[in-house]
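Quick look at model22.tsv (TSV, C-alpha atoms and all ligand atoms):
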```tsv
chain	number	residue	atom	x	y	z
U	1396	MET	CA	0.00	0.00	0.00
U	1397	ARG	CA	1.37	3.42	-1.00
U	1398	PHE	CA	-0.62	6.55	-0.34
U	1399	ILE	CA	-0.53	10.25	0.41
U	1400	LEU	CA	-2.20	11.83	3.45
U	1401	LEU	CA	-3.29	15.26	2.28
U	1402	GLY	CA	-4.81	17.84	4.61
U	1403	ALA	CA	-4.31	21.20	6.26
U	1404	PRO	CA	-1.95	21.68	9.20
U	1405	GLY	CA	-3.67	20.08	12.19
U	1406	ALA	CA	-5.99	17.87	10.10
U	1407	GLY	CA	-4.71	14.83	11.99
U	1408	LYS	CA	-2.36	13.40	9.35
U	1409	GLY	CA	0.35	12.47	11.84
U	1410	THR	CA	-2.16	11.07	14.36
U	1411	GLN	CA	-3.79	8.83	11.75
U	1412	ALA	CA	-0.47	7.82	10.16
U	1413	LYS	CA	0.70	6.35	13.49
U	1414	GLN	CA	-2.25	3.91	13.48
U	1415	LEU	CA	-2.20	3.25	9.74
U	1416	ILE	CA	1.43	2.08	9.71
U	1417	ASP	CA	0.51	-0.63	12.24
U	1418	ARG	CA	-2.51	-1.72	10.25
U	1419	TYR	CA	-0.70	-2.03	6.92
U	1420	LYS	CA	2.86	-2.77	8.13
U	1421	ILE	CA	4.27	0.09	6.10
U	1422	VAL	CA	6.39	3.13	6.96
U	1423	GLN	CA	5.34	6.73	7.60
U	1424	ILE	CA	7.40	9.32	5.75
U	1425	SER	CA	6.74	12.69	7.34
U	1426	THR	CA	8.75	15.51	5.77
U	1427	GLY	CA	7.94	17.66	8.83
U	1428	ASP	CA	9.44	15.03	11.17
U	1429	ILE	CA	12.55	14.57	9.00
U	1430	LEU	CA	13.07	18.35	8.91
U	1431	ARG	CA	12.58	18.68	12.70
U	1432	GLU	CA	15.12	15.88	13.31
U	1433	ASN	CA	17.61	17.81	11.15
U	1434	VAL	CA	16.89	21.08	12.95
U	1435	LYS	CA	17.46	19.36	16.30
U	1436	ALA	CA	20.71	17.77	15.12
U	1437	GLY	CA	21.91	21.08	13.64
U	1438	THR	CA	22.69	19.56	10.21
U	1439	PRO	CA	23.19	21.94	7.23
U	1440	LEU	CA	19.72	20.89	6.01
U	1441	GLY	CA	18.24	21.71	9.42
U	1442	VAL	CA	19.99	25.08	9.61
U	1443	ASN	CA	18.65	25.97	6.15
U	1444	ALA	CA	15.09	24.74	6.91
U	1445	ARG	CA	14.71	26.27	10.36
U	1446	SER	CA	13.96	29.86	9.38
U	1447	PHE	CA	11.27	28.79	6.90
U	1448	MET	CA	9.62	26.46	9.40
U	1449	GLU	CA	9.56	28.97	12.24
U	1450	LYS	CA	7.76	31.48	10.00
U	1451	GLY	CA	5.27	28.86	8.80
U	1452	LEU	CA	6.65	29.00	5.25
U	1453	LEU	CA	7.43	26.05	3.01
U	1454	VAL	CA	11.01	24.83	2.75
U	1455	PRO	CA	12.18	25.19	-0.91
U	1456	ASP	CA	11.05	22.41	-3.26
U	1457	ASP	CA	14.56	21.31	-4.35
U	1458	VAL	CA	15.57	20.62	-0.72
U	1459	ILE	CA	12.41	18.60	-0.05
U	1460	ILE	CA	12.51	16.65	-3.30
U	1461	SER	CA	16.08	15.42	-2.81
U	1462	MET	CA	15.23	14.52	0.80
U	1463	ILE	CA	12.28	12.39	-0.39
U	1464	GLU	CA	14.29	10.81	-3.17
U	1465	GLU	CA	16.83	9.62	-0.63
U	1466	ARG	CA	14.16	8.41	1.83
U	1467	LEU	CA	12.19	6.43	-0.78
U	1468	SER	CA	15.33	4.58	-1.83
U	1469	LYS	CA	15.69	2.97	1.63
U	1470	PRO	CA	14.85	-0.75	1.92
U	1471	ASP	CA	12.13	-0.24	4.58
U	1472	CYS	CA	9.94	1.41	1.90
U	1473	SER	CA	9.70	-1.79	-0.13
U	1474	ASN	CA	6.51	-2.94	1.63
U	1475	GLY	CA	4.79	0.40	1.11
U	1476	PHE	CA	4.64	3.88	2.63
U	1477	ILE	CA	2.45	6.75	3.75
U	1478	LEU	CA	3.55	10.19	2.59
U	1479	ASP	CA	2.58	12.60	5.39
U	1480	GLY	CA	3.09	16.27	4.56
U	1481	PHE	CA	4.46	15.58	1.08
U	1482	PRO	CA	3.80	16.63	-1.63
U	1483	ARG	CA	2.82	20.18	-0.69
U	1484	THR	CA	3.19	21.98	-4.03
U	1485	VAL	CA	2.41	21.09	-7.62
U	1486	SER	CA	6.18	20.95	-8.37
U	1487	GLN	CA	6.64	18.44	-5.54
U	1488	ALA	CA	3.74	16.36	-6.89
U	1489	ASP	CA	5.25	16.40	-10.40
U	1490	ALA	CA	8.63	15.35	-8.98
U	1491	LEU	CA	6.99	12.54	-6.99
U	1492	GLY	CA	5.20	11.31	-10.13
U	1493	SER	CA	8.49	11.15	-12.07
U	1494	LEU	CA	10.30	9.46	-9.22
U	1495	LEU	CA	7.66	6.77	-8.76
U	1496	LYS	CA	7.57	6.17	-12.51
U	1497	LYS	CA	11.34	5.65	-12.48
U	1498	MET	CA	10.92	3.19	-9.60
U	1499	GLY	CA	8.08	1.37	-11.40
U	1500	LEU	CA	5.63	2.19	-8.59
U	1501	LYS	CA	2.12	3.68	-8.42
U	1502	LEU	CA	0.15	5.43	-5.70
U	1503	ASN	CA	-2.94	3.57	-4.47
U	1504	ALA	CA	-4.63	6.70	-3.13
U	1505	CYS	CA	-4.47	10.29	-2.01
U	1506	VAL	CA	-6.41	10.37	1.27
U	1507	TYR	CA	-7.74	13.90	1.77
U	1508	VAL	CA	-8.63	14.57	5.41
U	1509	GLU	CA	-11.11	17.44	5.59
U	1510	VAL	CA	-11.45	19.51	8.78
U	1511	PRO	CA	-13.04	23.00	9.20
U	1512	GLU	CA	-10.64	25.87	9.87
U	1513	GLU	CA	-11.94	26.68	13.39
U	1514	ASP	CA	-11.20	23.09	14.46
U	1515	LEU	CA	-7.69	23.26	12.95
U	1516	ILE	CA	-6.83	26.30	15.03
U	1517	LYS	CA	-8.12	24.65	18.24
U	1518	ARG	CA	-6.20	21.47	17.50
U	1519	LEU	CA	-2.90	23.19	16.74
U	1520	SER	CA	-2.98	25.64	19.61
U	1521	GLY	CA	-3.56	22.76	22.07
U	1522	ARG	CA	-1.12	20.33	20.52
U	1523	ARG	CA	1.85	19.16	22.59
U	1524	VAL	CA	4.56	16.95	21.11
U	1525	CYS	CA	7.17	14.73	22.64
U	1526	ASN	CA	10.56	16.37	22.49
U	1527	SER	CA	12.21	12.98	22.06
U	1528	CYS	CA	10.07	10.59	19.97
U	1529	GLY	CA	7.74	13.16	18.34
U	1530	GLU	CA	4.47	11.54	19.52
U	1531	SER	CA	1.61	14.06	19.33
U	1532	TYR	CA	-0.94	14.86	22.11
U	1533	HIS	CA	-3.57	17.49	22.78
U	1534	VAL	CA	-4.31	19.30	26.03
U	1535	PHE	CA	-8.07	18.48	25.73
U	1536	PHE	CA	-8.64	16.00	22.91
U	1537	ASN	CA	-5.78	13.53	23.25
U	1538	LYS	CA	-4.25	13.82	26.72
U	1539	PRO	CA	-1.23	11.85	27.86
U	1540	LYS	CA	-1.72	9.66	30.96
U	1541	ASN	CA	0.52	11.99	33.00
U	1542	GLU	CA	0.40	15.70	32.18
U	1543	GLY	CA	3.43	16.92	30.25
U	1544	VAL	CA	4.96	13.44	29.90
U	1545	CYS	CA	5.03	11.21	26.79
U	1546	ASP	CA	3.15	7.88	27.28
U	1547	LYS	CA	5.51	6.16	24.85
U	1548	CYS	CA	8.98	7.17	25.99
U	1549	GLY	CA	8.56	9.21	29.18
U	1550	ALA	CA	10.22	12.37	27.79
U	1551	GLY	CA	8.80	15.88	28.25
U	1552	LEU	CA	6.16	17.41	25.97
U	1553	ILE	CA	6.64	20.77	24.26
U	1554	HIS	CA	4.53	23.34	22.41
U	1555	ARG	CA	5.93	23.52	18.85
U	1556	LYS	CA	7.13	27.04	17.95
U	1557	ASP	CA	5.11	26.96	14.75
U	1558	ASP	CA	1.93	26.10	16.70
U	1559	HIS	CA	1.65	29.63	18.13
U	1560	GLU	CA	-1.38	31.44	16.74
U	1561	ASP	CA	0.27	33.90	14.30
U	1562	THR	CA	2.39	31.19	12.72
U	1563	VAL	CA	-0.61	28.84	12.55
U	1564	ARG	CA	-2.55	31.48	10.56
U	1565	ASN	CA	0.42	31.82	8.21
U	1566	ARG	CA	0.65	28.03	7.75
U	1567	LEU	CA	-3.06	27.89	6.91
U	1568	LYS	CA	-2.65	30.67	4.32
U	1569	VAL	CA	0.29	28.84	2.73
U	1570	TYR	CA	-1.73	25.61	2.77
U	1571	HIS	CA	-4.65	27.24	0.89
U	1572	ASN	CA	-2.40	28.83	-1.73
U	1573	GLU	CA	0.17	26.11	-2.32
U	1574	THR	CA	-1.13	22.73	-1.13
U	1575	HIS	CA	-4.92	22.73	-1.49
U	1576	PRO	CA	-4.61	22.79	-5.34
U	1577	LEU	CA	-3.25	19.22	-5.05
U	1578	LEU	CA	-6.80	18.08	-4.37
U	1579	ASP	CA	-7.66	18.94	-8.00
U	1580	TYR	CA	-4.34	17.53	-9.19
U	1581	TYR	CA	-5.04	14.08	-7.71
U	1582	THR	CA	-8.79	14.22	-8.47
U	1583	LYS	CA	-7.77	14.36	-12.13
U	1584	GLN	CA	-5.76	11.16	-11.54
U	1585	ASN	CA	-8.88	9.61	-9.98
U	1586	ILE	CA	-7.16	8.53	-6.75
U	1587	VAL	CA	-8.70	10.87	-4.15
U	1588	LEU	CA	-10.41	9.36	-1.11
U	1589	LYS	CA	-12.21	12.18	0.76
U	1590	ILE	CA	-12.52	11.62	4.49
U	1591	ASP	CA	-14.47	13.61	7.06
U	1592	GLY	CA	-11.67	14.39	9.55
U	1593	THR	CA	-13.93	15.59	12.37
U	1594	GLY	CA	-14.99	13.62	15.44
U	1595	ASP	CA	-13.33	10.79	17.31
U	1596	ILE	CA	-9.78	9.79	16.27
U	1597	ASN	CA	-10.72	6.07	16.08
U	1598	ASP	CA	-13.83	6.78	14.00
U	1599	ILE	CA	-11.71	8.71	11.50
U	1600	PHE	CA	-9.26	5.78	11.36
U	1601	LYS	CA	-12.18	3.43	10.57
U	1602	ARG	CA	-13.39	5.76	7.79
U	1603	ILE	CA	-9.91	5.81	6.22
U	1604	THR	CA	-9.35	2.05	6.39
U	1605	ALA	CA	-12.87	1.32	5.11
U	1606	GLY	CA	-12.23	3.65	2.16
U	1607	LEU	CA	-8.81	2.20	1.38
U	1608	GLU	CA	-10.03	-1.38	1.60
U	1609	ALA	CA	-13.25	-0.85	-0.40
F	1701	LIG	P1	4.48	19.38	9.27
F	1701	LIG	O1	5.09	18.84	10.48
F	1701	LIG	O2	4.20	18.46	8.12
F	1701	LIG	O3	3.18	20.15	9.71
F	1701	LIG	P2	1.72	20.21	9.08
F	1701	LIG	O4	1.39	19.64	7.77
F	1701	LIG	O5	1.48	21.65	9.20
F	1701	LIG	O6	0.98	19.21	9.88
F	1701	LIG	P3	0.89	19.08	11.37
F	1701	LIG	O7	1.94	18.17	11.88
F	1701	LIG	O8	0.84	20.45	12.01
F	1701	LIG	O9	-0.58	18.50	11.51
F	1701	LIG	P4	-1.16	17.03	11.37
F	1701	LIG	O10	-2.16	17.03	10.26
F	1701	LIG	O11	-0.10	15.98	11.31
F	1701	LIG	O12	-1.96	16.96	12.73
F	1701	LIG	P5	-1.72	16.08	14.06
F	1701	LIG	O13	-2.03	14.65	13.79
F	1701	LIG	O14	-0.44	16.40	14.71
F	1701	LIG	O15	5.34	20.58	8.68
F	1701	LIG	C1	5.94	21.57	9.48
F	1701	LIG	C2	6.73	22.54	8.61
F	1701	LIG	O16	7.79	21.83	7.91
F	1701	LIG	C3	5.97	23.23	7.49
F	1701	LIG	O17	5.29	24.38	7.95
F	1701	LIG	C4	7.09	23.56	6.50
F	1701	LIG	O18	7.83	24.67	6.92
F	1701	LIG	C5	7.98	22.33	6.59
F	1701	LIG	N1	7.60	21.27	5.63
F	1701	LIG	C6	7.15	20.01	5.93
F	1701	LIG	N2	6.90	19.33	4.81
F	1701	LIG	C7	7.22	20.16	3.76
F	1701	LIG	C8	7.13	20.02	2.36
F	1701	LIG	N3	6.70	18.89	1.79
F	1701	LIG	N4	7.49	21.08	1.61
F	1701	LIG	C9	7.94	22.22	2.16
F	1701	LIG	N5	8.03	22.43	3.48
F	1701	LIG	C10	7.66	21.40	4.29
F	1701	LIG	O19	-2.93	16.67	14.93
F	1701	LIG	C11	-2.92	18.01	15.39
F	1701	LIG	C12	-3.47	18.08	16.83
F	1701	LIG	O20	-4.86	17.70	16.82
F	1701	LIG	C13	-2.78	17.12	17.82
F	1701	LIG	O21	-2.71	17.74	19.05
F	1701	LIG	C14	-3.73	15.89	17.88
F	1701	LIG	O22	-3.65	15.22	19.11
F	1701	LIG	C15	-5.09	16.56	17.68
F	1701	LIG	N6	-6.06	15.73	16.96
F	1701	LIG	C16	-5.81	14.87	15.93
F	1701	LIG	N7	-6.96	14.30	15.51
F	1701	LIG	C17	-7.95	14.83	16.29
F	1701	LIG	C18	-9.37	14.64	16.35
F	1701	LIG	N8	-10.00	13.80	15.53
F	1701	LIG	N9	-10.06	15.37	17.25
F	1701	LIG	C19	-9.44	16.23	18.10
F	1701	LIG	N10	-8.10	16.43	18.10
F	1701	LIG	C20	-7.37	15.75	17.21
```

If you took the structure in this file and wrote it as structure tokens, what would it be?
Ligand code: AP5
Amino acid sequence: MRFILLGAPGAGKGTQAKQLIDRYKIVQISTGDILRENVKAGTPLGVNARSFMEKGLLVPDDVIISMIEERLSKPDCSNGFILDGFPRTVSQADALGSLLKKMGLKLNACVYVEVPEEDLIKRLSGRRVCNSCGESYHVFFNKPKNEGVCDKCGAGLIHRKDDHEDTVRNRLKVYHNETHPLLDYYTKQNIVLKIDGTGDINDIFKRITAGLEA
């Protein structure tokens, strides 16, 4: 199984991907997570990406495309993958198409998770993430067992810099201008699975798996 999770910031792509990789025994490729790991490690890629990310802007396409090319060539992708947060521009989608063609692979679906804007802002402003393993929580909707502590690895939870309100509004603007057009792009390829991304996390998971398995 190879598919894209498309949706606005805060739509729940990362939350759903964590359950979907267990279900299908495939890997999650989150460009946001890879970039954050590089920022944390202070690599040249991370140093370059940091200023874009903190302002809620997209990291340049050439940087992202070579990062994905390298990631997709790893052996753990052979069973399938979920692309979470990629592609985010039409150029990235074109590059992905060429890359998959070269690899002799096809996408099964583009799962579009739809959530109203007021919910996105609530979700992002209350999100807390593990500083060590990256697991995502929410102060109301998805609480850890012990406040401020990751259930999975016991490390502390943080409020991502780009989850502060001004940056969130910027990310949503960038999403509407640059990423939302991909819905049309993949509709033309007839691979879009539209999912109502509101309500209980497990119900959304059931909607996605039912759609993918239909
Ligand atoms: P990235 O990390 O990809 O951020 P994003 O797409 O903005 O997505 P998020 O991680 O914010 O949201 P999500 O949909 O995964 O939601 P989550 O499951 O966490 O990118 C960050 C930055 O990196 C970008 O701004 C850009 O600078 C750069 N970047 C990354 N990829 C790039 C690319 N391809 N090209 C260029 N630049 C790139 O859920 C959110 C919250 O809601 C959580 O607290 C969760 O617990 C809660 N929640 C989830 N589901 C529900 C539910 N059903 N009900 C209530 N709460 C819920």

With only C-alpha atoms as the atoms that count, which of U:Leu1415, U:Ile1553, U:Leu1494, U:Leu1567 lies nearest to Val1534 (chain U)? U:Ile1553

At a cut-off of 7 Å and counting all atoms listed in the file, what residues surround ligand LIG 1701 (chain F)? Please answer as a PyMOL selection string. chain U and resi 1402-1411+1425-1428+1430+1447-1448+1451-1456+1459+1479-1483+1518-1519+1521-1523+1531-1533+1536-1537+1566+1592-1596+1599

Correct to one decimal, the distance CA of Val1508 (chain U)-CA of Leu1400 (chain U) is 7.3 Å

Which residues come within 12 Å of Arg1418 (chain U), counting only C-alpha atoms, excluding same-chain residues fewer than 2 positions away, as a ChimeraX atom specification? /U:1396,1411-1416,1420-1423,1475-1477,1600-1601,1603-1605,1607-1608

Could you check which of U:Ala1504, U:His1554, U:Ser1520, U:Gln1487 is closest to Thr1582 (chain U), using all atoms listed in the file? U:Ala1504

Selected residue, from U:Glu1432, U:Glu1530, U:Glu1560, U:Glu1542, that lies nearest to Lys1517 (chain U) when counting only C-alpha atoms: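 Checking each of U:Glu1432, U:Glu1530, U:Glu1560, U:Glu1542 against Lys1517 (chain U), counting only C-alpha atoms, the winner is U:Glu1560.
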
Within 7 Å of Val1587 (chain U), counting all atoms listed in the file, which residues show up once you throw out same-chain ones fewer than 2 positions away? Write them as number ranges by chain, please. U: 1504-1507, 1581-1582, 1585, 1589

Please report, as JSON, the centre and edge lengths in Å to one decimal of an axis-aligned box covering all listed atoms of region 1454-1458 of chain U with 6 Å per side.
```
{"center_x": 13.3, "center_y": 22.9, "center_z": -0.8, "size_x": 16.6, "size_y": 16.6, "size_z": 19.1}
```

Take CA of Arg1397 (chain U) and CA of Leu1491 (chain U) and report the distance between them in Å, one decimal.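 We find that CA of Arg1397 (chain U) and CA of Leu1491 (chain U) lie 12.3 Å from each other.
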
When you count only C-alpha atoms, which of these residues is closest to Lys1435 (chain U): U:Ile1590, U:His1575, U:Gly1529, U:Glu1509? U:Gly1529

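With only C-alpha atoms as the atoms that count, the minimum distance from Ser1486 (chain U) to the choices U:Ile1424, U:Leu1577, U:Ile1463, U:Leu1440 is reached by U:Leu1577.
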